[in-house]
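Visitor: My structure is below; once you've seen it, I'll send some questions.
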Amino acid sequence: MNITRRLFIGIPLSPPFRKRLSREIHQWPKEAVLPTAEENLHVTLLFLGFVQEDQVPSICAKVGEACKNFESFELFFTGIKLLDNDEHPKMIWLTGEASEELKNLREAMEKKFSAFITEKKSYRPHVTLAKIKKQKWLSLSEKPKFKEQTSFVEPVDTVCIFESLSLDGKRRYEPIDTFALQ
């Protein structure tokens, strides 16, 4: 039997930061947003997709090897914004500043899993805070105001391989392995 798992590589956020973001999320109209569960808040580095169960140890080894070359660093988050736009709302993101360390970490992960890498000038981190229920959002008489200018600093000292699961109809991101940065 071929068992597949839906995996991605990400940066877990600290519990105090997730709690702070969750408080922000719960101020928005519940009828118009699908909030990201507090325990699921993270920064995605690389989506791996559906992989065979027997490939998981090799994937873990590759991520662990890539992490050995990186020191801890900080991410700077600077705003909350609506994507795509007011007429076609899709998601609410916490957006961050481009970081050379993050770009290099992401490229190292890509090189471990891809044959062809396109050189990227930068990689800006983001955290998906909520998905929009488009029709209900558009029918709101007053749209929520977002903190377009914020200032959050989050230390990055670990990278995780997460499994995306659907449990009782809810999306859950379970860490299956964690790797410390130097």
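Labels for the structure tokens follow display order: chains A, B, ..., residues from 1 in each chain, ligands from 1.
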Quick one: residues within 12 Å of Leu83 (chain A), only C-alpha atoms counted, chain neighbours fewer than 6 positions away excluded, as a list in words?
Guide: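 Skipping anything fewer than 6 positions along the chain leaves Pro89, Lys90, Met91, Ile92, Trp93, Leu94, Thr95, His126, Thr128, Leu129, Ala130, Lys131, Ile132, Lys134 and Phe146 of chain A.
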Visitor: Could the residues in this selection be saved with N, CA and C atoms as a PDB file, in the first residue's frame?
Guide:
```
ATOM      1  N   PRO A  89     -10.920  39.946  -2.655  1.00  0.00           N
ATOM      2  CA  PRO A  89     -10.178  39.568  -1.445  1.00  0.00           C
ATOM      3  C   PRO A  89      -9.997  38.055  -1.363  1.00  0.00           C
ATOM      4  N   LYS A  90      -8.789  37.632  -0.987  1.00  0.00           N
ATOM      5  CA  LYS A  90      -8.516  36.199  -0.869  1.00  0.00           C
ATOM      6  C   LYS A  90      -8.011  35.820   0.513  1.00  0.00           C
ATOM      7  N   MET A  91      -7.035  36.575   1.008  1.00  0.00           N
ATOM      8  CA  MET A  91      -6.400  36.237   2.275  1.00  0.00           C
ATOM      9  C   MET A  91      -5.965  37.489   3.004  1.00  0.00           C
ATOM     10  N   ILE A  92      -5.657  37.295   4.274  1.00  0.00           N
ATOM     11  CA  ILE A  92      -5.047  38.343   5.077  1.00  0.00           C
ATOM     12  C   ILE A  92      -3.685  37.810   5.512  1.00  0.00           C
ATOM     13  N   TRP A  93      -2.647  38.574   5.216  1.00  0.00           N
ATOM     14  CA  TRP A  93      -1.276  38.167   5.512  1.00  0.00           C
ATOM     15  C   TRP A  93      -0.618  39.115   6.491  1.00  0.00           C
ATOM     16  N   LEU A  94       0.240  38.567   7.318  1.00  0.00           N
ATOM     17  CA  LEU A  94       1.236  39.343   8.039  1.00  0.00           C
ATOM     18  C   LEU A  94       2.457  39.309   7.130  1.00  0.00           C
ATOM     19  N   THR A  95       2.949  40.466   6.718  1.00  0.00           N
ATOM     20  CA  THR A  95       4.055  40.510   5.769  1.00  0.00           C
ATOM     21  C   THR A  95       5.340  40.946   6.465  1.00  0.00           C
ATOM     22  N   HIS A 126       5.919  35.694   4.920  1.00  0.00           N
ATOM     23  CA  HIS A 126       4.538  36.068   5.248  1.00  0.00           C
ATOM     24  C   HIS A 126       3.923  34.943   6.078  1.00  0.00           C
ATOM     25  N   THR A 128       0.042  33.478   6.742  1.00  0.00           N
ATOM     26  CA  THR A 128      -1.376  33.558   6.385  1.00  0.00           C
ATOM     27  C   THR A 128      -2.180  33.593   7.678  1.00  0.00           C
ATOM     28  N   LEU A 129      -2.842  34.729   7.930  1.00  0.00           N
ATOM     29  CA  LEU A 129      -3.624  34.905   9.153  1.00  0.00           C
ATOM     30  C   LEU A 129      -5.065  34.430   8.987  1.00  0.00           C
ATOM     31  N   ALA A 130      -5.600  34.583   7.778  1.00  0.00           N
ATOM     32  CA  ALA A 130      -6.990  34.168   7.531  1.00  0.00           C
ATOM     33  C   ALA A 130      -7.249  34.102   6.035  1.00  0.00           C
ATOM     34  N   LYS A 131      -8.208  33.275   5.681  1.00  0.00           N
ATOM     35  CA  LYS A 131      -8.730  33.250   4.318  1.00  0.00           C
ATOM     36  C   LYS A 131     -10.053  33.991   4.351  1.00  0.00           C
ATOM     37  N   ILE A 132     -10.373  34.611   3.232  1.00  0.00           N
ATOM     38  CA  ILE A 132     -11.576  35.440   3.137  1.00  0.00           C
ATOM     39  C   ILE A 132     -12.737  34.646   2.556  1.00  0.00           C
ATOM     40  N   LYS A 134     -15.333  35.362   0.430  1.00  0.00           N
ATOM     41  CA  LYS A 134     -15.458  36.512  -0.471  1.00  0.00           C
ATOM     42  C   LYS A 134     -16.821  37.205  -0.433  1.00  0.00           C
ATOM     43  N   PHE A 146      -6.798  47.116   8.980  1.00  0.00           N
ATOM     44  CA  PHE A 146      -5.626  46.322   9.316  1.00  0.00           C
ATOM     45  C   PHE A 146      -4.490  47.234   9.743  1.00  0.00           C
TER      46      PHE A 146
END
```
Visitor: Taking only residues of region 21-59 of chain A that have an atom at most 12 Å from an atom of region 98-102 of chain A, what is each one's shortest atom pair and its distance in Å to one decimal, using only C-alpha atoms, in chain and number order, as JSON lines?
Guide:
```
{"residue": "A:Val43", "atom": "CA", "partner": "A:Leu102", "partner_atom": "CA", "distance": 10.5}
{"residue": "A:Thr44", "atom": "CA", "partner": "A:Leu102", "partner_atom": "CA", "distance": 10.9}
{"residue": "A:Leu45", "atom": "CA", "partner": "A:Leu102", "partner_atom": "CA", "distance": 8.6}
{"residue": "A:Leu46", "atom": "CA", "partner": "A:Leu102", "partner_atom": "CA", "distance": 11.8}
```
Visitor: If I take CA of Arg6 (chain A) and CA of Val51 (chain A), how far is one from the other in Å, to one decimal?
Guide: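 Taking CA of Arg6 (chain A) and CA of Val51 (chain A), their separation equals 6.4 Å.
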Visitor: Please compute the CA of Glu148 (chain A)-CA of Ile80 (chain A) distance, one decimal, in Å.
Guide: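 For CA of Glu148 (chain A) relative to CA of Ile80 (chain A), the distance reads 5.0 Å.
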Visitor: Write out as an NGL selection string which residues come within 8 Å of Gln182 (chain A) when counting only C-alpha atoms, dropping same-chain ones fewer than 4 positions away.
Guide: :A and (67-72 or 157)
Visitor: Using only C-alpha atoms, which protein or nucleic acid residues come within 10 Å of Gly64 (chain A)? Drop anything in the same chain fewer than 4 positions from it, and give the result as a PyMOL selection string.
Guide: chain A and resi 58-60+68-69+109+159-161+177-181
